[in-house]
>>> print(open('input_12.pdb').read())   # PDB, C-alpha atoms
ATOM      1  CA  MET O   1     -30.646 -45.901  30.853
ATOM      2  CA  ASP O   2     -27.487 -47.963  31.241
ATOM      3  CA  PHE O   3     -25.956 -48.382  27.793
ATOM      4  CA  GLY O   4     -23.539 -51.038  29.112
ATOM      5  CA  ARG O   5     -19.819 -50.884  29.784
ATOM      6  CA  ILE O   6     -18.353 -51.828  26.374
ATOM      7  CA  LEU O   7     -19.710 -49.583  23.627
ATOM      8  CA  THR O   8     -18.178 -49.610  20.159
ATOM      9  CA  ALA O   9     -17.754 -46.511  18.023
ATOM     10  CA  MET O  10     -18.722 -48.421  14.901
ATOM     11  CA  VAL O  11     -17.172 -48.038  11.453
ATOM     12  CA  THR O  12     -19.342 -47.263   8.440
ATOM     13  CA  PRO O  13     -18.538 -49.817   5.706
ATOM     14  CA  PHE O  14     -18.154 -48.529   2.135
ATOM     15  CA  ASP O  15     -17.718 -50.287  -1.187
ATOM     16  CA  SER O  16     -15.048 -49.510  -3.775
ATOM     17  CA  GLU O  17     -17.306 -46.818  -5.304
ATOM     18  CA  GLY O  18     -17.666 -45.014  -1.967
ATOM     19  CA  LYS O  19     -21.269 -46.037  -1.350
ATOM     20  CA  ILE O  20     -22.411 -47.410   2.008
ATOM     21  CA  ASP O  21     -22.106 -51.203   1.985
ATOM     22  CA  TRP O  22     -25.413 -52.216   3.549
ATOM     23  CA  GLN O  23     -24.598 -55.932   3.557
ATOM     24  CA  GLY O  24     -21.297 -55.064   5.205
ATOM     25  CA  LEU O  25     -23.171 -53.062   7.821
ATOM     26  CA  GLU O  26     -25.092 -56.158   8.848
ATOM     27  CA  LYS O  27     -21.852 -58.140   9.077
ATOM     28  CA  VAL O  28     -20.220 -55.498  11.284
ATOM     29  CA  VAL O  29     -23.198 -55.259  13.638
ATOM     30  CA  GLU O  30     -23.391 -59.042  14.021
ATOM     31  CA  HIS O  31     -19.622 -59.277  14.516
ATOM     32  CA  LEU O  32     -19.630 -56.644  17.257
ATOM     33  CA  ILE O  33     -22.562 -58.157  19.140
ATOM     34  CA  LEU O  34     -20.980 -61.608  18.888
ATOM     35  CA  THR O  35     -17.635 -60.354  20.244
ATOM     36  CA  GLY O  36     -18.938 -58.595  23.335
ATOM     37  CA  SER O  37     -20.090 -55.093  22.416
ATOM     38  CA  GLU O  38     -22.917 -54.027  24.712
ATOM     39  CA  GLY O  39     -23.867 -50.964  22.685
ATOM     40  CA  LEU O  40     -23.160 -49.399  19.276
ATOM     41  CA  VAL O  41     -22.367 -45.742  18.616
ATOM     42  CA  ILE O  42     -23.179 -44.849  15.017
ATOM     43  CA  ALA O  43     -21.841 -42.012  12.844
ATOM     44  CA  GLY O  44     -19.113 -40.810  15.159
ATOM     45  CA  THR O  45     -15.578 -40.027  14.030
ATOM     46  CA  THR O  46     -14.832 -43.730  13.552
ATOM     47  CA  GLY O  47     -17.990 -43.913  11.431
ATOM     48  CA  GLU O  48     -16.572 -41.151   9.163
ATOM     49  CA  SER O  49     -19.528 -38.906  10.002
ATOM     50  CA  PRO O  50     -18.077 -35.779   8.312
ATOM     51  CA  THR O  51     -18.435 -37.557   4.953
ATOM     52  CA  LEU O  52     -22.010 -38.785   5.473
ATOM     53  CA  THR O  53     -25.026 -36.919   4.146
ATOM     54  CA  THR O  54     -28.036 -36.312   6.391
ATOM     55  CA  ASP O  55     -30.060 -38.927   4.494
ATOM     56  CA  GLU O  56     -27.227 -41.446   4.836
ATOM     57  CA  LYS O  57     -27.006 -40.832   8.578
ATOM     58  CA  LEU O  58     -30.727 -41.306   9.083
ATOM     59  CA  LYS O  59     -30.802 -44.490   7.028
ATOM     60  CA  LEU O  60     -27.730 -45.731   8.895
ATOM     61  CA  PHE O  61     -29.392 -45.116  12.266
ATOM     62  CA  GLN O  62     -32.593 -46.861  11.223
ATOM     63  CA  ARG O  63     -30.927 -49.841   9.566
ATOM     64  CA  THR O  64     -28.549 -50.423  12.487
ATOM     65  CA  ALA O  65     -31.474 -50.373  14.914
ATOM     66  CA  GLU O  66     -33.311 -52.879  12.716
ATOM     67  CA  ILE O  67     -30.329 -55.232  12.535
ATOM     68  CA  SER O  68     -29.706 -54.982  16.267
ATOM     69  CA  GLY O  69     -33.321 -55.780  17.019
ATOM     70  CA  ARG O  70     -32.997 -54.438  20.574
ATOM     71  CA  ARG O  71     -30.200 -56.867  21.399
ATOM     72  CA  VAL O  72     -27.936 -53.906  22.234
ATOM     73  CA  PRO O  73     -28.596 -50.152  22.499
ATOM     74  CA  VAL O  74     -27.960 -48.092  19.363
ATOM     75  CA  ILE O  75     -26.700 -44.548  19.975
ATOM     76  CA  ALA O  76     -26.857 -42.071  17.093
ATOM     77  CA  GLY O  77     -24.148 -39.458  16.604
ATOM     78  CA  THR O  78     -26.077 -36.281  15.824
ATOM     79  CA  GLY O  79     -23.780 -33.584  17.175
ATOM     80  CA  THR O  80     -22.060 -31.027  14.947
ATOM     81  CA  ASN O  81     -20.790 -27.473  15.387
ATOM     82  CA  ASP O  82     -24.173 -26.137  14.251
ATOM     83  CA  THR O  83     -26.727 -26.217  17.074
ATOM     84  CA  GLY O  84     -29.731 -25.799  14.780
ATOM     85  CA  TYR O  85     -28.653 -28.633  12.492
ATOM     86  CA  SER O  86     -27.794 -30.850  15.465
ATOM     87  CA  THR O  87     -31.183 -30.362  17.106
ATOM     88  CA  ALA O  88     -33.035 -30.999  13.826
ATOM     89  CA  LEU O  89     -31.046 -34.174  13.189
ATOM     90  CA  THR O  90     -31.604 -35.282  16.780
ATOM     91  CA  GLU O  91     -35.375 -34.848  16.386
ATOM     92  CA  LYS O  92     -35.395 -36.931  13.190
ATOM     93  CA  ALA O  93     -33.075 -39.628  14.549
ATOM     94  CA  SER O  94     -35.176 -40.029  17.692
ATOM     95  CA  LYS O  95     -38.075 -41.328  15.597
ATOM     96  CA  LEU O  96     -36.085 -44.195  14.042
ATOM     97  CA  GLY O  97     -35.994 -46.786  16.823
ATOM     98  CA  ILE O  98     -32.627 -45.813  18.293
ATOM     99  CA  ASP O  99     -31.916 -45.811  22.031
ATOM    100  CA  GLY O 100     -29.775 -42.748  22.616
ATOM    101  CA  ILE O 101     -27.968 -39.720  21.205
ATOM    102  CA  MET O 102     -24.284 -38.808  21.225
ATOM    103  CA  ALA O 103     -23.289 -35.183  20.651
ATOM    104  CA  VAL O 104     -19.706 -34.009  20.272
ATOM    105  CA  THR O 105     -18.381 -30.670  21.469
ATOM    106  CA  PRO O 106     -18.677 -28.045  18.689
ATOM    107  CA  TYR O 107     -15.503 -28.066  16.626
ATOM    108  CA  TYR O 108     -13.764 -25.299  14.672
ATOM    109  CA  ASN O 109     -15.920 -22.352  15.818
ATOM    110  CA  LYS O 110     -14.573 -22.533  19.417
ATOM    111  CA  PRO O 111     -17.586 -21.456  21.513
ATOM    112  CA  SER O 112     -17.378 -20.400  25.146
ATOM    113  CA  GLN O 113     -18.226 -22.739  28.013
ATOM    114  CA  GLU O 114     -21.651 -21.090  28.318
ATOM    115  CA  GLY O 115     -22.134 -21.445  24.573
ATOM    116  CA  MET O 116     -21.415 -25.163  24.828
ATOM    117  CA  TYR O 117     -23.814 -25.504  27.754
ATOM    118  CA  GLU O 118     -26.598 -23.905  25.712
ATOM    119  CA  HIS O 119     -25.660 -26.054  22.689
ATOM    120  CA  PHE O 120     -26.022 -29.336  24.574
ATOM    121  CA  LYS O 121     -29.096 -28.103  26.418
ATOM    122  CA  ALA O 122     -30.768 -27.439  23.053
ATOM    123  CA  ILE O 123     -29.871 -30.902  21.760
ATOM    124  CA  ALA O 124     -31.181 -32.547  24.932
ATOM    125  CA  SER O 125     -34.433 -30.585  24.647
ATOM    126  CA  ALA O 126     -34.944 -31.960  21.114
ATOM    127  CA  THR O 127     -35.352 -35.542  22.346
ATOM    128  CA  THR O 128     -36.658 -37.625  25.213
ATOM    129  CA  LEU O 129     -33.851 -40.135  24.677
ATOM    130  CA  PRO O 130     -30.742 -40.216  26.889
ATOM    131  CA  VAL O 131     -27.902 -38.044  25.614
ATOM    132  CA  MET O 132     -24.182 -38.745  25.826
ATOM    133  CA  VAL O 133     -21.887 -35.724  25.584
ATOM    134  CA  TYR O 134     -18.568 -36.327  23.794
ATOM    135  CA  ASN O 135     -15.565 -34.273  24.917
ATOM    136  CA  ILE O 136     -12.498 -34.658  22.693
ATOM    137  CA  PRO O 137     -10.233 -31.569  22.757
ATOM    138  CA  GLY O 138      -7.664 -33.221  20.482
ATOM    139  CA  ARG O 139     -10.117 -33.083  17.586
ATOM    140  CA  CYS O 140     -12.316 -30.131  18.552
ATOM    141  CA  ILE O 141      -9.622 -27.767  19.959
ATOM    142  CA  ILE O 142     -11.869 -26.769  22.891
ATOM    143  CA  ASN O 143     -12.176 -28.625  26.186
ATOM    144  CA  LEU O 144     -15.572 -28.983  27.833
ATOM    145  CA  GLN O 145     -14.474 -28.116  31.358
ATOM    146  CA  ALA O 146     -15.507 -30.202  34.339
ATOM    147  CA  GLU O 147     -17.756 -27.507  35.815
ATOM    148  CA  THR O 148     -19.656 -27.211  32.534
ATOM    149  CA  MET O 149     -20.120 -30.971  32.321
ATOM    150  CA  ILE O 150     -21.286 -31.092  35.943
ATOM    151  CA  LYS O 151     -23.851 -28.387  35.153
ATOM    152  CA  LEU O 152     -25.007 -30.305  32.063
ATOM    153  CA  ALA O 153     -25.444 -33.453  34.164
ATOM    154  CA  GLY O 154     -28.260 -31.609  35.918
ATOM    155  CA  ILE O 155     -30.346 -31.822  32.731
ATOM    156  CA  PRO O 156     -32.434 -34.976  33.244
ATOM    157  CA  ASN O 157     -31.761 -36.733  29.919
ATOM    158  CA  ILE O 158     -28.035 -35.905  29.735
ATOM    159  CA  THR O 159     -26.979 -39.171  31.323
ATOM    160  CA  SER O 160     -23.357 -39.776  30.317
ATOM    161  CA  VAL O 161     -20.165 -38.378  28.858
ATOM    162  CA  LYS O 162     -17.536 -39.880  26.605
ATOM    163  CA  GLU O 163     -14.383 -38.281  28.005
ATOM    164  CA  ALA O 164     -11.292 -38.077  25.805
ATOM    165  CA  SER O 165      -9.588 -35.114  27.443
ATOM    166  CA  GLY O 166      -6.846 -37.374  28.801
ATOM    167  CA  SER O 167      -7.027 -35.604  32.163
ATOM    168  CA  LEU O 168      -7.671 -37.950  35.075
ATOM    169  CA  ASP O 169      -7.978 -34.878  37.313
ATOM    170  CA  GLN O 170     -10.837 -33.526  35.206
ATOM    171  CA  ILE O 171     -12.475 -36.936  34.872
ATOM    172  CA  SER O 172     -12.215 -37.604  38.605
ATOM    173  CA  HIS O 173     -13.822 -34.234  39.362
ATOM    174  CA  ILE O 174     -16.731 -35.027  37.022
ATOM    175  CA  ILE O 175     -17.258 -38.452  38.596
ATOM    176  CA  ALA O 176     -17.137 -37.015  42.113
ATOM    177  CA  SER O 177     -19.559 -34.178  41.366
ATOM    178  CA  THR O 178     -22.267 -35.751  39.201
ATOM    179  CA  PRO O 179     -25.233 -37.910  40.289
ATOM    180  CA  GLU O 180     -24.618 -41.591  40.961
ATOM    181  CA  HIS O 181     -26.581 -42.614  37.863
ATOM    182  CA  PHE O 182     -24.425 -40.396  35.594
ATOM    183  CA  ALA O 183     -21.957 -42.536  33.603
ATOM    184  CA  VAL O 184     -18.452 -41.471  32.564
ATOM    185  CA  TYR O 185     -17.010 -43.446  29.656
ATOM    186  CA  SER O 186     -13.428 -43.435  28.466
ATOM    187  CA  GLY O 187     -13.066 -42.078  24.957
ATOM    188  CA  ASP O 188      -9.592 -43.621  24.626
ATOM    189  CA  ASP O 189      -9.141 -47.391  24.713
ATOM    190  CA  SER O 190      -5.853 -47.215  26.589
ATOM    191  CA  MET O 191      -7.445 -45.051  29.314
ATOM    192  CA  THR O 192     -10.281 -47.478  30.024
ATOM    193  CA  LEU O 193      -8.784 -49.165  33.058
ATOM    194  CA  PRO O 194      -7.297 -45.970  34.578
ATOM    195  CA  ILE O 195     -10.662 -44.208  34.238
ATOM    196  CA  MET O 196     -12.540 -47.147  35.716
ATOM    197  CA  SER O 197     -10.102 -47.107  38.625
ATOM    198  CA  VAL O 198     -11.375 -43.640  39.599
ATOM    199  CA  GLY O 199     -15.048 -44.557  39.157
ATOM    200  CA  GLY O 200     -15.621 -44.545  35.389
ATOM    201  CA  HIS O 201     -18.312 -46.783  33.936
ATOM    202  CA  GLY O 202     -16.728 -48.185  30.769
ATOM    203  CA  VAL O 203     -15.443 -47.285  27.308
ATOM    204  CA  VAL O 204     -16.630 -46.147  23.906
ATOM    205  CA  SER O 205     -14.094 -48.199  22.020
ATOM    206  CA  VAL O 206     -12.443 -48.442  18.623
ATOM    207  CA  ALA O 207     -10.374 -51.507  19.550
ATOM    208  CA  ALA O 208     -13.543 -53.483  20.342
ATOM    209  CA  HIS O 209     -13.822 -54.105  16.597
ATOM    210  CA  ILE O 210     -10.883 -56.474  16.884
ATOM    211  CA  ALA O 211     -10.479 -57.147  20.635
ATOM    212  CA  GLY O 212     -14.004 -57.128  22.002
ATOM    213  CA  HIS O 213     -13.743 -60.331  24.017
ATOM    214  CA  GLU O 214     -10.515 -59.214  25.689
ATOM    215  CA  LEU O 215     -11.895 -55.769  26.529
ATOM    216  CA  ARG O 216     -15.001 -57.295  28.038
ATOM    217  CA  GLU O 217     -12.915 -59.725  30.091
ATOM    218  CA  MET O 218     -10.774 -56.832  31.358
ATOM    219  CA  VAL O 219     -13.775 -54.745  32.374
ATOM    220  CA  GLN O 220     -15.500 -57.701  33.997
ATOM    221  CA  ALA O 221     -12.366 -58.688  35.904
ATOM    222  CA  PHE O 222     -11.983 -55.168  37.261
ATOM    223  CA  SER O 223     -15.670 -54.983  38.202
ATOM    224  CA  GLU O 224     -15.328 -58.257  40.120
ATOM    225  CA  GLY O 225     -12.263 -57.049  42.020
ATOM    226  CA  SER O 226      -9.677 -59.065  40.069
ATOM    227  CA  ILE O 227      -7.406 -56.056  39.688
ATOM    228  CA  GLU O 228      -4.206 -57.915  38.817
ATOM    229  CA  HIS O 229      -5.961 -59.921  36.100
ATOM    230  CA  ALA O 230      -7.546 -56.783  34.649
ATOM    231  CA  SER O 231      -4.168 -55.015  34.689
ATOM    232  CA  ALA O 232      -2.506 -57.915  32.887
ATOM    233  CA  ILE O 233      -5.144 -57.837  30.149
ATOM    234  CA  HIS O 234      -4.761 -54.062  29.863
ATOM    235  CA  ARG O 235      -1.019 -54.409  29.297
ATOM    236  CA  SER O 236      -1.467 -57.195  26.761
ATOM    237  CA  LEU O 237      -4.036 -55.137  24.821
ATOM    238  CA  LEU O 238      -1.917 -51.991  24.499
ATOM    239  CA  PRO O 239      -0.223 -53.032  21.202
ATOM    240  CA  LYS O 240      -3.631 -53.752  19.626
ATOM    241  CA  MET O 241      -4.977 -50.447  20.920
ATOM    242  CA  LYS O 242      -2.009 -48.580  19.465
ATOM    243  CA  ALA O 243      -2.325 -50.494  16.181
ATOM    244  CA  CYS O 244      -5.773 -48.975  15.692
ATOM    245  CA  PHE O 245      -4.108 -45.577  15.316
ATOM    246  CA  ILE O 246      -0.961 -46.197  13.223
ATOM    247  CA  ALA O 247      -2.812 -44.186  10.553
ATOM    248  CA  PRO O 248      -5.826 -41.888  10.765
ATOM    249  CA  ASN O 249      -8.841 -43.628  12.285
ATOM    250  CA  PRO O 250     -10.708 -45.686  11.010
ATOM    251  CA  ALA O 251      -8.342 -46.881   8.259
ATOM    252  CA  PRO O 252      -6.384 -49.335  10.479
ATOM    253  CA  VAL O 253      -9.427 -50.972  12.068
ATOM    254  CA  LYS O 254     -11.113 -51.263   8.667
ATOM    255  CA  ALA O 255      -8.019 -53.038   7.337
ATOM    256  CA  MET O 256      -8.154 -55.453  10.284
ATOM    257  CA  LEU O 257     -11.829 -56.136   9.618
ATOM    258  CA  GLU O 258     -10.996 -56.805   5.971
ATOM    259  CA  GLN O 259      -8.423 -59.383   7.020
ATOM    260  CA  GLN O 260     -11.186 -61.122   8.972
ATOM    261  CA  GLY O 261     -13.417 -61.143   5.878
ATOM    262  CA  ILE O 262     -16.051 -58.846   7.406
ATOM    263  CA  ILE O 263     -15.871 -55.681   5.270
ATOM    264  CA  SER O 264     -13.484 -54.027   2.842
ATOM    265  CA  ARG O 265     -10.862 -51.520   3.936
ATOM    266  CA  ASP O 266     -12.445 -48.789   1.782
ATOM    267  CA  THR O 267     -12.818 -45.294   3.259
ATOM    268  CA  ARG O 268     -14.089 -41.987   1.944
ATOM    269  CA  LEU O 269     -11.802 -39.085   1.141
ATOM    270  CA  PRO O 270     -10.111 -37.311   2.804
ATOM    271  CA  MET O 271      -9.431 -40.604   4.624
ATOM    272  CA  LEU O 272      -7.370 -43.147   2.693
ATOM    273  CA  PRO O 273      -7.409 -46.926   3.134
ATOM    274  CA  LEU O 274      -4.234 -48.550   4.405
ATOM    275  CA  THR O 275      -1.676 -49.509   1.782
ATOM    276  CA  ASP O 276      -0.211 -53.007   1.640
ATOM    277  CA  ALA O 277       2.974 -51.671   3.258
ATOM    278  CA  GLU O 278       0.963 -50.170   6.116
ATOM    279  CA  ILE O 279      -0.870 -53.462   6.581
ATOM    280  CA  LYS O 280       2.489 -55.187   7.049
ATOM    281  CA  GLN O 281       3.284 -52.586   9.717
ATOM    282  CA  LEU O 282      -0.082 -53.346  11.287
ATOM    283  CA  GLU O 283       0.788 -57.042  11.418
ATOM    284  CA  GLN O 284       4.050 -56.174  13.187
ATOM    285  CA  TRP O 285       2.083 -54.384  15.921
ATOM    286  CA  PHE O 286      -0.129 -57.437  16.295
ATOM    287  CA  SER O 287       2.906 -59.660  16.679
ATOM    288  CA  LEU O 288       3.651 -57.703  19.862
ATOM    289  CA  ALA O 289       0.214 -58.445  21.338
TER     290      ALA O 289
END
>>> encode(input="input_12.pdb", output="structure tokens")
Amino acid sequence: MDFGRILTAMVTPFDSEGKIDWQGLEKVVEHLILTGSEGLVIAGTTGESPTLTTDEKLKLFQRTAEISGRRVPVIAGTGTNDTGYSTALTEKASKLGIDGIMAVTPYYNKPSQEGMYEHFKAIASATTLPVMVYNIPGRCIINLQAETMIKLAGIPNITSVKEASGSLDQISHIIASTPEHFAVYSGDDSMTLPIMSVGGHGVVSVAAHIAGHELREMVQAFSEGSIEHASAIHRSLLPKMKACFIAPNPAPVKAMLEQQGIISRDTRLPMLPLTDAEIKQLEQWFSLA
């Protein structure tokens, strides 16, 4: 299954009491579809998944799928550093009308490459849906090496990877050594165009919350061979991309969505919402865009 080229790692809206804002969820989904997102990734890091209970995750998956109504694929983040829990959550999520699974590399416990292979193999065996592997050494400490990812791509329903290793050498090796249908997505907004230039498929984006149209134009321009135009858009987007990370994600993008009247800036501890002073700093970054 082709999830599309512009996927958004969607925020989870909360109210001032820390409860999920279900009306806000509908607003976010509609906003993202309207501004060019071709798929939604739910309960990832940007969705503050470490603070969500299992019941909240399952309800979030189901409600997002209902709101989307098959207009765009909905991909559920079910991966943790516990293989048993991840497979059980994957089984439950797969029954809720979603279109795919995303599973992050196990964090904190630092398994071996073979341990990670068996981990993802178990998750893939728990569902018939397509599975996206998420490699992000900056958060998980460990790097899922290219050879391990290439081996995982041999499992029929492991169909893509969100790559945030920052290594174009590693990413190029994966692209060159996996089947043609296997999709490599950038896990960093600013790496989208460089990764596409070596054969990547698209991006799982944070910036698409506030720059979806521009990202889609950039990707489309590159796909159509308008390299100079795509490069110009990439350069113009860099301040917005950097603005999304002036504080721990997703606080900045939630503040930007609040300014647009979509949701509040509220987060769950240990994440803090942006202060008024930080919002002024955010506006300075946007003045550079």
>>> closest_residue(input="input_12.pdb", among="O:Ile20, O:Val133, O:Val219, O:Ala247", to="Phe120 in chain O", atoms="all atoms listed in the file")
O:Val133
>>> atom_distance(input="input_12.pdb", atom1="CA of Leu237 in chain O", atom2="CA of Met271 in chain O")
25.5 Å
>>> axis_aligned_box(input="input_12.pdb", around="range 84-89 of chain O", padding_each_side="6 Å", output="JSON")
{"center_x": -30.4, "center_y": -30.0, "center_z": 14.8, "size_x": 17.2, "size_y": 20.4, "size_z": 16.6}
>>> residues_around(input="input_12.pdb", residues="Gly77 in chain O", least_positions_apart="5", cutoff="8 Å", atoms="all atoms listed in the file", output="list of chain:residue names")
O:Val41, O:Ile42, O:Ala43, O:Gly44, O:Ile101, O:Met102, O:Ala103, O:Val104
>>> closest_residue(input="input_12.pdb", among="O:Asp99, O:Asp188, O:Glu114, O:Glu56", to="Asn135 in chain O", atoms="all atoms listed in the file")
O:Asp188
>>> residues_around(input="input_12.pdb", residues="range 71-73 of chain O", least_positions_apart="4", cutoff="12 Å", atoms="all atoms listed in the file", output="count of residues only")
32
>>> resolve_selection(input="input_12.pdb", expression="the PyMOL selection byres ((chain O and resi 81-95) around 8)", output="list in words")
Thr54, Leu58, Phe61, Gln62, Ala76, Thr78, Gly79, Thr80, Leu96, Gly97, Ile98, Asp99, Gly100, Ile101, Thr105, Pro106, Tyr107, Tyr108, Asn109, His119, Ala122, Ile123, Ala126, Thr127 and Leu129 of chain O
>>> resolve_selection(input="input_12.pdb", expression="the PyMOL selection byres ((chain O and resi 251) around 12)", output="mmCIF file with C-alpha atoms, keeping the file's coordinate frame")
data_model
loop_
_atom_site.group_PDB
_atom_site.id
_atom_site.type_symbol
_atom_site.label_atom_id
_atom_site.label_comp_id
_atom_site.auth_asym_id
_atom_site.auth_seq_id
_atom_site.Cartn_x
_atom_site.Cartn_y
_atom_site.Cartn_z
ATOM 1 C CA VAL O 11 -17.172 -48.038 11.453
ATOM 2 C CA THR O 12 -19.342 -47.263 8.440
ATOM 3 C CA PRO O 13 -18.538 -49.817 5.706
ATOM 4 C CA PHE O 14 -18.154 -48.529 2.135
ATOM 5 C CA THR O 45 -15.578 -40.027 14.030
ATOM 6 C CA THR O 46 -14.832 -43.730 13.552
ATOM 7 C CA GLY O 47 -17.990 -43.913 11.431
ATOM 8 C CA GLU O 48 -16.572 -41.151 9.163
ATOM 9 C CA VAL O 206 -12.443 -48.442 18.623
ATOM 10 C CA ALA O 243 -2.325 -50.494 16.181
ATOM 11 C CA CYS O 244 -5.773 -48.975 15.692
ATOM 12 C CA PHE O 245 -4.108 -45.577 15.316
ATOM 13 C CA ILE O 246 -0.961 -46.197 13.223
ATOM 14 C CA ALA O 247 -2.812 -44.186 10.553
ATOM 15 C CA PRO O 248 -5.826 -41.888 10.765
ATOM 16 C CA ASN O 249 -8.841 -43.628 12.285
ATOM 17 C CA PRO O 250 -10.708 -45.686 11.010
ATOM 18 C CA PRO O 252 -6.384 -49.335 10.479
ATOM 19 C CA VAL O 253 -9.427 -50.972 12.068
ATOM 20 C CA LYS O 254 -11.113 -51.263 8.667
ATOM 21 C CA ALA O 255 -8.019 -53.038 7.337
ATOM 22 C CA MET O 256 -8.154 -55.453 10.284
ATOM 23 C CA LEU O 257 -11.829 -56.136 9.618
ATOM 24 C CA GLU O 258 -10.996 -56.805 5.971
ATOM 25 C CA ILE O 263 -15.871 -55.681 5.270
ATOM 26 C CA SER O 264 -13.484 -54.027 2.842
ATOM 27 C CA ARG O 265 -10.862 -51.520 3.936
ATOM 28 C CA ASP O 266 -12.445 -48.789 1.782
ATOM 29 C CA THR O 267 -12.818 -45.294 3.259
ATOM 30 C CA ARG O 268 -14.089 -41.987 1.944
ATOM 31 C CA LEU O 269 -11.802 -39.085 1.141
ATOM 32 C CA PRO O 270 -10.111 -37.311 2.804
ATOM 33 C CA MET O 271 -9.431 -40.604 4.624
ATOM 34 C CA LEU O 272 -7.370 -43.147 2.693
ATOM 35 C CA PRO O 273 -7.409 -46.926 3.134
ATOM 36 C CA LEU O 274 -4.234 -48.550 4.405
ATOM 37 C CA THR O 275 -1.676 -49.509 1.782
ATOM 38 C CA GLU O 278 0.963 -50.170 6.116
ATOM 39 C CA ILE O 279 -0.870 -53.462 6.581
ATOM 40 C CA LEU O 282 -0.082 -53.346 11.287
#
>>> atom_distance(input="input_12.pdb", atom1="CA of Gly187 in chain O", atom2="CA of Trp285 in chain O")
21.5 Å
>>> resolve_selection(input="input_12.pdb", expression="the PyMOL selection byres ((chain O and resi 182) around 10)", output="MDAnalysis selection string")
chainID O and resid 1:2 132 150 153:154 156:161 174:175 177:181 183:185 200:201
>>> build_atoms(input="input_12.pdb", residues="range 272-289 of chain O", atoms="N, CA and C atoms", output="mmCIF file, in the coordinates of the input")
data_model
loop_
_atom_site.group_PDB
_atom_site.id
_atom_site.type_symbol
_atom_site.label_atom_id
_atom_site.label_comp_id
_atom_site.auth_asym_id
_atom_site.auth_seq_id
_atom_site.Cartn_x
_atom_site.Cartn_y
_atom_site.Cartn_z
ATOM 1 N N LEU O 272 -7.862 -42.183 3.659
ATOM 2 C CA LEU O 272 -7.370 -43.147 2.693
ATOM 3 C C LEU O 272 -7.290 -44.523 3.337
ATOM 4 N N PRO O 273 -7.595 -45.578 2.583
ATOM 5 C CA PRO O 273 -7.409 -46.926 3.134
ATOM 6 C C PRO O 273 -5.928 -47.228 3.309
ATOM 7 N N LEU O 274 -5.626 -48.169 4.202
ATOM 8 C CA LEU O 274 -4.234 -48.550 4.405
ATOM 9 C C LEU O 274 -3.650 -49.164 3.137
ATOM 10 N N THR O 275 -2.399 -48.867 2.878
ATOM 11 C CA THR O 275 -1.676 -49.509 1.782
ATOM 12 C C THR O 275 -1.207 -50.890 2.231
ATOM 13 N N ASP O 276 -0.728 -51.680 1.289
ATOM 14 C CA ASP O 276 -0.211 -53.007 1.640
ATOM 15 C C ASP O 276 0.983 -52.890 2.593
ATOM 16 N N ALA O 277 1.812 -51.867 2.380
ATOM 17 C CA ALA O 277 2.974 -51.671 3.258
ATOM 18 C C ALA O 277 2.522 -51.332 4.678
ATOM 19 N N GLU O 278 1.478 -50.520 4.797
ATOM 20 C CA GLU O 278 0.963 -50.170 6.116
ATOM 21 C C GLU O 278 0.315 -51.373 6.796
ATOM 22 N N ILE O 279 -0.277 -52.248 5.999
ATOM 23 C CA ILE O 279 -0.870 -53.462 6.581
ATOM 24 C C ILE O 279 0.223 -54.359 7.153
ATOM 25 N N LYS O 280 1.363 -54.420 6.497
ATOM 26 C CA LYS O 280 2.489 -55.187 7.049
ATOM 27 C C LYS O 280 2.936 -54.585 8.379
ATOM 28 N N GLN O 281 2.943 -53.254 8.457
ATOM 29 C CA GLN O 281 3.284 -52.586 9.717
ATOM 30 C C GLN O 281 2.248 -52.920 10.788
ATOM 31 N N LEU O 282 1.008 -52.980 10.381
ATOM 32 C CA LEU O 282 -0.082 -53.346 11.287
ATOM 33 C C LEU O 282 0.139 -54.750 11.843
ATOM 34 N N GLU O 283 0.531 -55.652 10.993
ATOM 35 C CA GLU O 283 0.788 -57.042 11.418
ATOM 36 C C GLU O 283 1.947 -57.110 12.401
ATOM 37 N N GLN O 284 2.935 -56.217 12.240
ATOM 38 C CA GLN O 284 4.050 -56.174 13.187
ATOM 39 C C GLN O 284 3.572 -55.756 14.567
ATOM 40 N N TRP O 285 2.652 -54.785 14.623
ATOM 41 C CA TRP O 285 2.083 -54.384 15.921
ATOM 42 C C TRP O 285 1.351 -55.548 16.553
ATOM 43 N N PHE O 286 0.622 -56.318 15.746
ATOM 44 C CA PHE O 286 -0.129 -57.437 16.295
ATOM 45 C C PHE O 286 0.785 -58.548 16.785
ATOM 46 N N SER O 287 1.974 -58.640 16.195
ATOM 47 C CA SER O 287 2.906 -59.660 16.679
ATOM 48 C C SER O 287 3.414 -59.349 18.069
ATOM 49 N N LEU O 288 3.249 -58.091 18.507
ATOM 50 C CA LEU O 288 3.651 -57.703 19.862
ATOM 51 C C LEU O 288 2.568 -58.018 20.891
ATOM 52 N N ALA O 289 1.352 -58.256 20.429
ATOM 53 C CA ALA O 289 0.214 -58.445 21.338
ATOM 54 C C ALA O 289 0.227 -59.838 21.960
#
